[in-house]
Amino acid sequence: MRNEVQIMWDAEVDIAIAGAGGCGLVAALTVAEKGLQVAVFEKTDFVLGNTAASAGMIPAAGTRYQREIGIQETPEEMAEDILKKNHQESNPDLTLALSKVSGPLVEWMNDKLDMQFSLVTEFKYPGHRNLRMHAPPTRSGLELMKKLKQAVNDKDNIYLMLKSQVEKLILGDKGEVIGIDVQTTDGVQRIKAKKVILATNGFGGNTSMVKKFIPEISDALYFGYEANTGEGIEMALEIGADVSNMTAYQGHAAVNEATGLLVTWGTIMSGGFMVNQNGERFGNEAQGYSEFALEVVKQEVQNGYIIIDQDIYQNLLSIEDFKQLDEMDAFKSSDSIEDLAVKLGINVKSLKQTYTAFQKNEQGSSDQFGRTDFPKQLTGKLFGIKVSPALFHTQGGLNINEHAQVVNGQGNVIENLYAGGGTAVGVSGRHAYGYMSGNGLLAALGFGKIAGDHAVHMIQQKGME
Ligand SMILES: Cc1cc2nc3c(=O)[nH]c(=O)nc-3n(C[C@H](O)[C@H](O)[C@H](O)COP(=O)(O)OP(=O)(O)OC[C@H]3O[C@@H](n4cnc5c(N)ncnc54)[C@H](O)[C@@H]3O)c2cc1C
């Protein structure tokens, strides 16, 4: 919206941020560290977002945590892995920019925001050539968000406004963004800002947008934050921004609906497998949980069952969600596969055959689905759990450059406007298979940091002119 007439502002800040999830708060803390005034407007009553629902695992290359256990990894190698997973469909410049910021980001968050990160050594995610996930002690996004919120509360120059829905971008005479309209409990507030950062995530919570752009997953459960309804994307489109890869998303094949908890894919990557209601395997689980969600959707009964053993079970108890599944007795267990099949309510004869065949696989050999990851034989007590496929979050969005500045249809920067996280086009290509574990938080926290740094730099540079 362009305003030629004199605008009456209700408040003025250096930088306004829409959305108080991981992207928004990292951007705010980055700006506040440099001494500028920043306001974060959050639509809901809470500071949670998808980030709090996540497993809090942030991929990063070249960190001191990796070096401590002898892993030397360059950002270029990480970018190569991301591009390989998405079949070279993501923008290579954005992919490299995120890979480059990932190491410094994780160390900054740890040192400045008291994250107490450690390298996740329990298992390696699909497509990661090295261990590169960094997470807080409980391996939970809730802990991550609590720490971010605490850090925000400790800053005098961050104003966090809840129940404040950003609705519109205000343009100046030259088409540059000069502020936002925010719907609050006191009505619409017009906020003047030198820079605006859109961090409202994607459109997973908007059923009609999901049906329009990603019909293949529209019938699955949505397991992300309900408030993420694509407003940041729509607002920017109204002023001439453009979008890419709107068909991209992170699915997940393993939500336990009975408890509402995620069953970590560490179950699979540590040596487990998944069967359908008939007790049959139906694909290469180790390719990735995102694309495997679609495989589950294709089954006659749209559920799967993950089978693991005692060692895997014990090893995963360090992960908060898994610990909760344990406390809720969500897994069935037995010393025999036949008895486990009965307890899970799946075809006994068929599961026994599947299990016997699966046990013959050896690490590096390829099975009928092309799976080559068989890190161990299942031994001792067996555990099984029913899982459902879900949409976690969307990964397509606003076109941005490597500074997280939003660009228009002609590729030109829309002055003063930034986007990150699910609001911007991510690095997951155009399909479910393109999502590599960690791409979500990487694009959220990474572009939050990049946007915050660049916005401050531009303001300071202008001040010196
Ligand atoms: C169960 C689950 C597990 C996951 N695990 C991982 C993981 O381990 N590693 C990983 O990398 N990724 C993971 N992800 C993905 C990751 O959570 C997201 O990619 C990431 O959190 C997105 O961050 P964000 O800041 O863009 O959005 P969010 O954290 O969702 O924040 C967006 C915020 O914007 C607010 N908002 C929306 N519209 C408006 C508006 N108009 N005005 C103001 N505020 C608005 C929302 O209320 C919300 O608070 C997981 C996702 C799920 C669902």
# chains A, B, ... in the order shown; residues from 1 in each chain; ligands from 1
call {"tool": "residues_around", "arguments": {"residues": "stretch 410-422 of chain A", "least_positions_apart": "5", "cutoff": "6 Å", "atoms": "only C-alpha atoms", "output": "PyMOL selection string"}}
result
chain A and resi 23+176-177+195-199+201-202+395+404-405+443-444+447-448
call {"tool": "write_last_selection", "arguments": {"atoms": "N, CA, C and O atoms", "output": "mmCIF file, in the first residue's frame"}}
result
data_model
loop_
_atom_site.group_PDB
_atom_site.id
_atom_site.type_symbol
_atom_site.label_atom_id
_atom_site.label_comp_id
_atom_site.auth_asym_id
_atom_site.auth_seq_id
_atom_site.Cartn_x
_atom_site.Cartn_y
_atom_site.Cartn_z
ATOM 1 N N CYS A 23 13.013 -17.365 14.160
ATOM 2 C CA CYS A 23 13.578 -16.387 13.224
ATOM 3 C C CYS A 23 13.457 -14.974 13.797
ATOM 4 O O CYS A 23 14.438 -14.228 13.853
ATOM 5 N N GLU A 176 9.495 2.027 -1.218
ATOM 6 C CA GLU A 176 10.242 1.385 -0.133
ATOM 7 C C GLU A 176 9.328 1.161 1.068
ATOM 8 O O GLU A 176 8.370 1.913 1.271
ATOM 9 N N VAL A 177 9.630 0.139 1.871
ATOM 10 C CA VAL A 177 8.810 -0.133 3.059
ATOM 11 C C VAL A 177 9.185 0.867 4.145
ATOM 12 O O VAL A 177 10.369 1.072 4.433
ATOM 13 N N LYS A 195 13.461 -0.516 9.028
ATOM 14 C CA LYS A 195 13.516 -1.827 8.358
ATOM 15 C C LYS A 195 12.429 -2.714 8.956
ATOM 16 O O LYS A 195 12.126 -2.609 10.159
ATOM 17 N N VAL A 196 11.895 -3.600 8.122
ATOM 18 C CA VAL A 196 10.880 -4.552 8.582
ATOM 19 C C VAL A 196 11.357 -5.967 8.242
ATOM 20 O O VAL A 196 11.808 -6.219 7.117
ATOM 21 N N ILE A 197 11.269 -6.858 9.230
ATOM 22 C CA ILE A 197 11.657 -8.259 8.990
ATOM 23 C C ILE A 197 10.417 -9.138 9.152
ATOM 24 O O ILE A 197 9.766 -9.118 10.206
ATOM 25 N N LEU A 198 10.087 -9.881 8.104
ATOM 26 C CA LEU A 198 8.929 -10.781 8.151
ATOM 27 C C LEU A 198 9.390 -12.159 8.617
ATOM 28 O O LEU A 198 10.187 -12.818 7.945
ATOM 29 N N ALA A 199 8.872 -12.586 9.780
ATOM 30 C CA ALA A 199 9.280 -13.875 10.356
ATOM 31 C C ALA A 199 8.038 -14.614 10.833
ATOM 32 O O ALA A 199 7.974 -15.105 11.957
ATOM 33 N N ASN A 201 6.691 -17.320 9.550
ATOM 34 C CA ASN A 201 6.723 -18.699 9.063
ATOM 35 C C ASN A 201 5.897 -18.838 7.779
ATOM 36 O O ASN A 201 5.538 -17.848 7.154
ATOM 37 N N GLY A 202 5.583 -20.075 7.408
ATOM 38 C CA GLY A 202 4.923 -20.326 6.123
ATOM 39 C C GLY A 202 3.415 -20.404 6.251
ATOM 40 O O GLY A 202 2.812 -19.722 7.083
ATOM 41 N N GLN A 395 7.976 -24.882 2.987
ATOM 42 C CA GLN A 395 9.362 -24.454 2.761
ATOM 43 C C GLN A 395 9.536 -23.547 1.550
ATOM 44 O O GLN A 395 10.635 -23.141 1.221
ATOM 45 N N ALA A 404 19.014 -11.803 2.896
ATOM 46 C CA ALA A 404 17.626 -11.978 3.357
ATOM 47 C C ALA A 404 16.734 -10.797 2.986
ATOM 48 O O ALA A 404 15.644 -10.636 3.540
ATOM 49 N N GLN A 405 17.190 -9.962 2.043
ATOM 50 C CA GLN A 405 16.341 -8.863 1.556
ATOM 51 C C GLN A 405 15.327 -9.433 0.565
ATOM 52 O O GLN A 405 15.698 -10.227 -0.318
ATOM 53 N N ALA A 443 17.091 -22.247 8.141
ATOM 54 C CA ALA A 443 16.562 -21.087 7.408
ATOM 55 C C ALA A 443 15.921 -20.071 8.357
ATOM 56 O O ALA A 443 15.919 -18.871 8.078
ATOM 57 N N ALA A 444 15.396 -20.554 9.481
ATOM 58 C CA ALA A 444 14.753 -19.632 10.430
ATOM 59 C C ALA A 444 15.817 -18.841 11.200
ATOM 60 O O ALA A 444 15.858 -17.610 11.154
ATOM 61 N N PHE A 447 18.597 -17.108 8.627
ATOM 62 C CA PHE A 447 18.170 -15.866 7.963
ATOM 63 C C PHE A 447 17.767 -14.807 8.988
ATOM 64 O O PHE A 447 17.853 -13.609 8.710
ATOM 65 N N GLY A 448 17.350 -15.229 10.184
ATOM 66 C CA GLY A 448 17.091 -14.253 11.248
ATOM 67 C C GLY A 448 18.371 -13.495 11.573
ATOM 68 O O GLY A 448 18.384 -12.269 11.675
#
call {"tool": "closest_atom_pairs", "arguments": {"of": "chain A", "to": "ligand 1", "cutoff": "6 Å", "atoms": "only C-alpha atoms and all ligand atoms", "output": "tab-separated table"}}
result
residue	atom	partner	partner_atom_place_in_ligand_line	distance
A:Ala18	CA	ligand 1	43 (C)	4.6
A:Gly19	CA	ligand 1	34 (O)	3.3
A:Ala20	CA	ligand 1	49 (O)	4.8
A:Gly21	CA	ligand 1	31 (O)	3.2
A:Gly22	CA	ligand 1	25 (O)	3.9
A:Cys23	CA	ligand 1	25 (O)	3.7
A:Gly24	CA	ligand 1	25 (O)	5.7
A:Phe41	CA	ligand 1	43 (C)	5.2
A:Glu42	CA	ligand 1	44 (N)	3.8
A:Lys43	CA	ligand 1	44 (N)	3.9
A:Thr44	CA	ligand 1	47 (O)	5.2
A:Val47	CA	ligand 1	49 (O)	5.9
A:Leu48	CA	ligand 1	49 (O)	5.5
A:Gly49	CA	ligand 1	30 (O)	3.6
A:Asn50	CA	ligand 1	30 (O)	3.6
A:Thr51	CA	ligand 1	21 (O)	3.2
A:Ala53	CA	ligand 1	1 (C)	4.9
A:Ser54	CA	ligand 1	4 (C)	3.2
A:Ala55	CA	ligand 1	8 (O)	3.6
A:Gly56	CA	ligand 1	8 (O)	4.5
A:Met57	CA	ligand 1	8 (O)	3.9
A:Ile58	CA	ligand 1	11 (O)	5.3
A:Ser164	CA	ligand 1	43 (C)	6.0
A:Gln165	CA	ligand 1	42 (N)	3.7
A:Val166	CA	ligand 1	42 (N)	3.9
A:Glu167	CA	ligand 1	41 (N)	5.7
A:Ala199	CA	ligand 1	26 (O)	5.5
A:Thr200	CA	ligand 1	34 (O)	3.5
A:Asn201	CA	ligand 1	26 (O)	3.8
A:Phe223	CA	ligand 1	53 (C)	5.3
A:Gly224	CA	ligand 1	53 (C)	4.1
A:Tyr225	CA	ligand 1	30 (O)	5.9
A:Ala227	CA	ligand 1	47 (O)	4.7
A:Asn228	CA	ligand 1	37 (C)	4.6
A:Glu231	CA	ligand 1	41 (N)	5.0
A:Phe392	CA	ligand 1	53 (C)	4.2
A:Gly421	CA	ligand 1	26 (O)	3.4
A:Gly422	CA	ligand 1	26 (O)	4.2
A:Gly438	CA	ligand 1	11 (O)	3.1
A:Asn439	CA	ligand 1	11 (O)	4.9
A:Gly440	CA	ligand 1	19 (O)	3.1
A:Leu441	CA	ligand 1	11 (O)	3.4
A:Leu442	CA	ligand 1	11 (O)	5.5
A:Ala444	CA	ligand 1	23 (O)	4.7
call {"tool": "write_last_selection", "arguments": {"atoms": "C-alpha atoms", "output": "mmCIF file, in the first residue's frame"}}
result
data_model
loop_
_atom_site.group_PDB
_atom_site.id
_atom_site.type_symbol
_atom_site.label_atom_id
_atom_site.label_comp_id
_atom_site.auth_asym_id
_atom_site.auth_seq_id
_atom_site.Cartn_x
_atom_site.Cartn_y
_atom_site.Cartn_z
ATOM 1 C CA ALA A 18 6.580 -9.687 12.487
ATOM 2 C CA GLY A 19 6.472 -13.013 14.353
ATOM 3 C CA ALA A 20 8.083 -14.108 17.623
ATOM 4 C CA GLY A 21 9.319 -17.551 16.632
ATOM 5 C CA GLY A 22 12.928 -18.598 16.235
ATOM 6 C CA CYS A 23 13.578 -16.387 13.224
ATOM 7 C CA GLY A 24 12.003 -13.282 14.752
ATOM 8 C CA PHE A 41 4.916 -8.194 17.032
ATOM 9 C CA GLU A 42 3.443 -11.612 17.733
ATOM 10 C CA LYS A 43 -0.052 -12.549 16.641
ATOM 11 C CA THR A 44 -0.777 -15.053 19.423
ATOM 12 C CA VAL A 47 6.162 -17.018 22.310
ATOM 13 C CA LEU A 48 6.307 -20.491 20.845
ATOM 14 C CA GLY A 49 5.766 -20.946 17.107
ATOM 15 C CA ASN A 50 6.914 -24.022 15.288
ATOM 16 C CA THR A 51 10.313 -23.445 16.804
ATOM 17 C CA ALA A 53 7.454 -27.645 18.670
ATOM 18 C CA SER A 54 10.710 -28.601 16.991
ATOM 19 C CA ALA A 55 13.376 -30.964 18.230
ATOM 20 C CA GLY A 56 15.668 -27.945 18.530
ATOM 21 C CA MET A 57 18.307 -29.507 16.302
ATOM 22 C CA ILE A 58 20.326 -26.946 14.352
ATOM 23 C CA SER A 164 -0.363 -8.098 17.791
ATOM 24 C CA GLN A 165 -0.990 -9.293 14.272
ATOM 25 C CA VAL A 166 0.976 -7.602 11.533
ATOM 26 C CA GLU A 167 -1.472 -6.991 8.701
ATOM 27 C CA ALA A 199 9.280 -13.875 10.356
ATOM 28 C CA THR A 200 5.727 -15.218 10.330
ATOM 29 C CA ASN A 201 6.723 -18.699 9.063
ATOM 30 C CA PHE A 223 1.543 -30.873 13.106
ATOM 31 C CA GLY A 224 2.847 -27.309 13.069
ATOM 32 C CA TYR A 225 1.748 -24.058 14.716
ATOM 33 C CA ALA A 227 -1.143 -19.460 13.630
ATOM 34 C CA ASN A 228 1.229 -19.892 10.681
ATOM 35 C CA GLU A 231 0.272 -13.717 6.164
ATOM 36 C CA PHE A 392 5.194 -29.978 9.667
ATOM 37 C CA GLY A 421 12.341 -18.797 8.191
ATOM 38 C CA GLY A 422 9.220 -20.249 6.641
ATOM 39 C CA GLY A 438 17.625 -29.196 9.981
ATOM 40 C CA ASN A 439 16.709 -27.104 6.928
ATOM 41 C CA GLY A 440 13.833 -25.586 8.920
ATOM 42 C CA LEU A 441 15.754 -24.124 11.832
ATOM 43 C CA LEU A 442 18.709 -23.384 9.578
ATOM 44 C CA ALA A 444 14.753 -19.632 10.430
#
call {"tool": "closest_residue", "arguments": {"among": "A:Thr394, A:Val40, A:Phe123, A:Lys147", "to": "A:Val182", "atoms": "only C-alpha atoms"}}
result
A:Val40
call {"tool": "atom_distance", "arguments": {"atom1": "atom CA of A:Val120", "atom2": "atom CA of A:Trp108"}}
result
17.8 Å
call {"tool": "atom_distance", "arguments": {"atom1": "atom CA of A:Thr379", "atom2": "atom CA of A:Lys124"}}
result
20.7 Å
call {"tool": "closest_residue", "arguments": {"among": "A:Leu25, A:Ile217, A:Ile158, A:Val296", "to": "A:Lys146", "atoms": "only C-alpha atoms"}}
result
A:Leu25
call {"tool": "atom_distance", "arguments": {"atom1": "atom CA of A:Asp81", "atom2": "atom CA of A:Ser118"}}
result
21.4 Å
call {"tool": "closest_atom_pairs", "arguments": {"of": "stretch 105-179 of chain A", "to": "stretch 264-277 of chain A", "cutoff": "12 Å", "atoms": "only C-alpha atoms", "output": "tab-separated table"}}
result
residue	atom	partner	partner_atom	distance
A:Val120	CA	A:Gly266	CA	10.7
A:Thr121	CA	A:Gly266	CA	10.6
A:Glu122	CA	A:Gly266	CA	7.8
A:Phe123	CA	A:Gly266	CA	6.0
A:Lys124	CA	A:Met269	CA	6.9
A:Tyr125	CA	A:Met269	CA	6.8
A:Pro126	CA	A:Met269	CA	7.5
A:Gly127	CA	A:Met269	CA	11.0
A:His128	CA	A:Met269	CA	11.5
A:Arg139	CA	A:Thr264	CA	10.8
A:Ser140	CA	A:Thr264	CA	11.4
call {"tool": "write_last_selection", "arguments": {"atoms": "N, CA, C and O atoms", "output": "PDB file, in the first residue's frame"}}
result
ATOM      1  N   VAL A 120      24.831 -33.477  18.522  1.00  0.00           N
ATOM      2  CA  VAL A 120      23.976 -34.664  18.661  1.00  0.00           C
ATOM      3  C   VAL A 120      24.744 -35.854  18.081  1.00  0.00           C
ATOM      4  O   VAL A 120      24.967 -35.928  16.873  1.00  0.00           O
ATOM      5  N   THR A 121      25.172 -36.744  18.955  1.00  0.00           N
ATOM      6  CA  THR A 121      25.998 -37.875  18.501  1.00  0.00           C
ATOM      7  C   THR A 121      25.216 -39.192  18.535  1.00  0.00           C
ATOM      8  O   THR A 121      25.745 -40.235  18.185  1.00  0.00           O
ATOM      9  N   GLU A 122      23.951 -39.109  18.956  1.00  0.00           N
ATOM     10  CA  GLU A 122      23.162 -40.341  19.079  1.00  0.00           C
ATOM     11  C   GLU A 122      22.978 -41.026  17.725  1.00  0.00           C
ATOM     12  O   GLU A 122      22.955 -42.243  17.630  1.00  0.00           O
ATOM     13  N   PHE A 123      22.808 -40.216  16.670  1.00  0.00           N
ATOM     14  CA  PHE A 123      22.625 -40.780  15.322  1.00  0.00           C
ATOM     15  C   PHE A 123      22.844 -39.675  14.302  1.00  0.00           C
ATOM     16  O   PHE A 123      22.848 -38.492  14.647  1.00  0.00           O
ATOM     17  N   LYS A 124      23.053 -40.099  13.040  1.00  0.00           N
ATOM     18  CA  LYS A 124      23.268 -39.137  11.956  1.00  0.00           C
ATOM     19  C   LYS A 124      22.005 -39.091  11.104  1.00  0.00           C
ATOM     20  O   LYS A 124      21.431 -40.134  10.796  1.00  0.00           O
ATOM     21  N   TYR A 125      21.574 -37.887  10.739  1.00  0.00           N
ATOM     22  CA  TYR A 125      20.345 -37.755   9.950  1.00  0.00           C
ATOM     23  C   TYR A 125      20.604 -38.035   8.470  1.00  0.00           C
ATOM     24  O   TYR A 125      21.732 -37.862   7.989  1.00  0.00           O
ATOM     25  N   PRO A 126      19.541 -38.431   7.726  1.00  0.00           N
ATOM     26  CA  PRO A 126      19.704 -38.722   6.296  1.00  0.00           C
ATOM     27  C   PRO A 126      20.333 -37.551   5.545  1.00  0.00           C
ATOM     28  O   PRO A 126      19.906 -36.406   5.712  1.00  0.00           O
ATOM     29  N   GLY A 127      21.341 -37.852   4.762  1.00  0.00           N
ATOM     30  CA  GLY A 127      21.958 -36.839   3.907  1.00  0.00           C
ATOM     31  C   GLY A 127      23.083 -36.058   4.559  1.00  0.00           C
ATOM     32  O   GLY A 127      23.798 -35.324   3.886  1.00  0.00           O
ATOM     33  N   HIS A 128      23.254 -36.167   5.874  1.00  0.00           N
ATOM     34  CA  HIS A 128      24.341 -35.454   6.557  1.00  0.00           C
ATOM     35  C   HIS A 128      25.601 -36.317   6.454  1.00  0.00           C
ATOM     36  O   HIS A 128      25.618 -37.430   6.972  1.00  0.00           O
ATOM     37  N   ARG A 139      17.287 -31.609  23.832  1.00  0.00           N
ATOM     38  CA  ARG A 139      16.983 -31.816  22.408  1.00  0.00           C
ATOM     39  C   ARG A 139      15.534 -31.417  22.142  1.00  0.00           C
ATOM     40  O   ARG A 139      14.761 -32.171  21.534  1.00  0.00           O
ATOM     41  N   SER A 140      15.168 -30.235  22.603  1.00  0.00           N
ATOM     42  CA  SER A 140      13.797 -29.783  22.362  1.00  0.00           C
ATOM     43  C   SER A 140      13.766 -28.300  22.015  1.00  0.00           C
ATOM     44  O   SER A 140      14.507 -27.492  22.588  1.00  0.00           O
TER      45      SER A 140
END
call {"tool": "closest_residue", "arguments": {"among": "A:Val427, A:Leu316, A:Leu83, A:Ala193", "to": "A:Gln37", "atoms": "only C-alpha atoms"}}
result
A:Ala193
call {"tool": "select_by_dssp", "arguments": {"residues": "stretch 96-245 of chain A", "states": "strand (DSSP E or B)", "output": "PyMOL selection string"}}
result
chain A and resi 118-119+133-135+158-161+165-171+177-184+187-198+221-222+241+243-244
call {"tool": "select_by_dssp", "arguments": {"residues": "stretch 241-448 of chain A", "states": "alpha helix (DSSP H)", "output": "PyMOL selection string"}}
result
chain A and resi 266-269+289-297+310-315+320-327+337-344+348-359+439-448
call {"tool": "closest_residue", "arguments": {"among": "A:Asp219, A:Asp367, A:Asn399, A:Phe383", "to": "A:Glu338", "atoms": "only C-alpha atoms"}}
result
A:Phe383
call {"tool": "closest_residue", "arguments": {"among": "A:Gly70, A:Gly35, A:Gly230, A:Gly187", "to": "A:Leu398", "atoms": "only C-alpha atoms"}}
result
A:Gly230
call {"tool": "decode", "arguments": {"residues": "stretch 348-438 of chain A", "atoms": "C-alpha atoms", "output": "PDB file, in the first residue's frame"}}
result
ATOM      1  CA  VAL A 348       1.580 -61.574  12.513  1.00  0.00           C
ATOM      2  CA  LYS A 349       2.810 -63.871   9.732  1.00  0.00           C
ATOM      3  CA  SER A 350       3.700 -61.027   7.451  1.00  0.00           C
ATOM      4  CA  LEU A 351       5.561 -59.011  10.125  1.00  0.00           C
ATOM      5  CA  LYS A 352       7.568 -62.098  11.038  1.00  0.00           C
ATOM      6  CA  GLN A 353       8.578 -62.553   7.376  1.00  0.00           C
ATOM      7  CA  THR A 354       9.472 -58.870   7.050  1.00  0.00           C
ATOM      8  CA  TYR A 355      11.522 -58.963  10.245  1.00  0.00           C
ATOM      9  CA  THR A 356      13.406 -62.107   9.196  1.00  0.00           C
ATOM     10  CA  ALA A 357      14.215 -60.618   5.785  1.00  0.00           C
ATOM     11  CA  PHE A 358      15.233 -57.266   7.320  1.00  0.00           C
ATOM     12  CA  GLN A 359      17.646 -58.972   9.715  1.00  0.00           C
ATOM     13  CA  LYS A 360      19.555 -60.453   6.764  1.00  0.00           C
ATOM     14  CA  ASN A 361      20.548 -57.006   5.482  1.00  0.00           C
ATOM     15  CA  GLU A 362      24.110 -55.906   6.081  1.00  0.00           C
ATOM     16  CA  GLN A 363      25.517 -52.395   6.344  1.00  0.00           C
ATOM     17  CA  GLY A 364      26.346 -51.155   2.844  1.00  0.00           C
ATOM     18  CA  SER A 365      24.353 -53.830   1.001  1.00  0.00           C
ATOM     19  CA  SER A 366      21.260 -52.642  -0.842  1.00  0.00           C
ATOM     20  CA  ASP A 367      17.794 -54.083  -0.202  1.00  0.00           C
ATOM     21  CA  GLN A 368      14.839 -54.194  -2.616  1.00  0.00           C
ATOM     22  CA  PHE A 369      14.028 -50.528  -1.856  1.00  0.00           C
ATOM     23  CA  GLY A 370      17.594 -49.298  -2.268  1.00  0.00           C
ATOM     24  CA  ARG A 371      18.211 -48.877   1.461  1.00  0.00           C
ATOM     25  CA  THR A 372      21.873 -49.330   2.368  1.00  0.00           C
ATOM     26  CA  ASP A 373      21.860 -48.081   5.982  1.00  0.00           C
ATOM     27  CA  PHE A 374      21.652 -51.044   8.316  1.00  0.00           C
ATOM     28  CA  PRO A 375      23.816 -49.979  11.260  1.00  0.00           C
ATOM     29  CA  LYS A 376      22.865 -52.930  13.450  1.00  0.00           C
ATOM     30  CA  GLN A 377      20.959 -56.177  13.699  1.00  0.00           C
ATOM     31  CA  LEU A 378      17.970 -55.923  15.990  1.00  0.00           C
ATOM     32  CA  THR A 379      18.619 -57.935  19.154  1.00  0.00           C
ATOM     33  CA  GLY A 380      16.936 -58.605  22.483  1.00  0.00           C
ATOM     34  CA  LYS A 381      13.597 -57.095  23.378  1.00  0.00           C
ATOM     35  CA  LEU A 382      11.701 -55.504  20.475  1.00  0.00           C
ATOM     36  CA  PHE A 383       9.662 -52.292  20.581  1.00  0.00           C
ATOM     37  CA  GLY A 384       6.982 -51.025  18.190  1.00  0.00           C
ATOM     38  CA  ILE A 385       4.844 -47.916  17.861  1.00  0.00           C
ATOM     39  CA  LYS A 386       2.038 -46.755  15.571  1.00  0.00           C
ATOM     40  CA  VAL A 387       2.774 -43.579  13.600  1.00  0.00           C
ATOM     41  CA  SER A 388       0.946 -41.254  11.215  1.00  0.00           C
ATOM     42  CA  PRO A 389       2.167 -38.991   8.415  1.00  0.00           C
ATOM     43  CA  ALA A 390       2.017 -35.231   8.917  1.00  0.00           C
ATOM     44  CA  LEU A 391       2.787 -31.866   7.384  1.00  0.00           C
ATOM     45  CA  PHE A 392       5.194 -29.978   9.667  1.00  0.00           C
ATOM     46  CA  HIS A 393       5.776 -26.737   7.820  1.00  0.00           C
ATOM     47  CA  THR A 394       6.015 -25.289   4.344  1.00  0.00           C
ATOM     48  CA  GLN A 395       9.362 -24.454   2.761  1.00  0.00           C
ATOM     49  CA  GLY A 396       8.514 -22.268  -0.217  1.00  0.00           C
ATOM     50  CA  GLY A 397       8.042 -18.541   0.119  1.00  0.00           C
ATOM     51  CA  LEU A 398       9.269 -15.049  -0.674  1.00  0.00           C
ATOM     52  CA  ASN A 399      12.236 -14.647  -2.945  1.00  0.00           C
ATOM     53  CA  ILE A 400      15.156 -13.154  -1.056  1.00  0.00           C
ATOM     54  CA  ASN A 401      18.831 -12.525  -1.738  1.00  0.00           C
ATOM     55  CA  GLU A 402      21.734 -13.771   0.386  1.00  0.00           C
ATOM     56  CA  HIS A 403      21.249 -10.828   2.799  1.00  0.00           C
ATOM     57  CA  ALA A 404      17.626 -11.978   3.357  1.00  0.00           C
ATOM     58  CA  GLN A 405      16.341  -8.863   1.556  1.00  0.00           C
ATOM     59  CA  VAL A 406      13.036  -9.486  -0.211  1.00  0.00           C
ATOM     60  CA  VAL A 407      13.267  -9.100  -3.983  1.00  0.00           C
ATOM     61  CA  ASN A 408      10.491  -8.375  -6.462  1.00  0.00           C
ATOM     62  CA  GLY A 409       9.484 -10.198  -9.631  1.00  0.00           C
ATOM     63  CA  GLN A 410      12.314  -8.514 -11.541  1.00  0.00           C
ATOM     64  CA  GLY A 411      14.883  -9.588  -8.952  1.00  0.00           C
ATOM     65  CA  ASN A 412      15.293  -6.077  -7.526  1.00  0.00           C
ATOM     66  CA  VAL A 413      15.476  -5.485  -3.782  1.00  0.00           C
ATOM     67  CA  ILE A 414      12.329  -4.094  -2.158  1.00  0.00           C
ATOM     68  CA  GLU A 415      14.014  -1.507   0.030  1.00  0.00           C
ATOM     69  CA  ASN A 416      13.867  -2.044   3.807  1.00  0.00           C
ATOM     70  CA  LEU A 417      12.117  -5.407   3.677  1.00  0.00           C
ATOM     71  CA  TYR A 418      13.616  -8.696   4.892  1.00  0.00           C
ATOM     72  CA  ALA A 419      12.228 -12.209   5.337  1.00  0.00           C
ATOM     73  CA  GLY A 420      13.452 -15.411   6.931  1.00  0.00           C
ATOM     74  CA  GLY A 421      12.341 -18.797   8.191  1.00  0.00           C
ATOM     75  CA  GLY A 422       9.220 -20.249   6.641  1.00  0.00           C
ATOM     76  CA  THR A 423       8.206 -16.863   5.195  1.00  0.00           C
ATOM     77  CA  ALA A 424      11.084 -16.899   2.730  1.00  0.00           C
ATOM     78  CA  VAL A 425      11.979 -19.476   0.136  1.00  0.00           C
ATOM     79  CA  GLY A 426      14.049 -22.056   1.946  1.00  0.00           C
ATOM     80  CA  VAL A 427      16.726 -24.476   0.804  1.00  0.00           C
ATOM     81  CA  SER A 428      14.520 -27.535   0.405  1.00  0.00           C
ATOM     82  CA  GLY A 429      13.957 -27.372  -3.341  1.00  0.00           C
ATOM     83  CA  ARG A 430      10.485 -27.953  -4.696  1.00  0.00           C
ATOM     84  CA  HIS A 431       9.431 -31.325  -3.263  1.00  0.00           C
ATOM     85  CA  ALA A 432       9.059 -33.259  -0.019  1.00  0.00           C
ATOM     86  CA  TYR A 433      12.252 -35.167  -0.802  1.00  0.00           C
ATOM     87  CA  GLY A 434      14.226 -31.919  -0.807  1.00  0.00           C
ATOM     88  CA  TYR A 435      13.912 -31.360   2.917  1.00  0.00           C
ATOM     89  CA  MET A 436      17.102 -32.303   4.680  1.00  0.00           C
ATOM     90  CA  SER A 437      16.857 -32.548   8.460  1.00  0.00           C
ATOM     91  CA  GLY A 438      17.625 -29.196   9.981  1.00  0.00           C
TER      92      GLY A 438
END
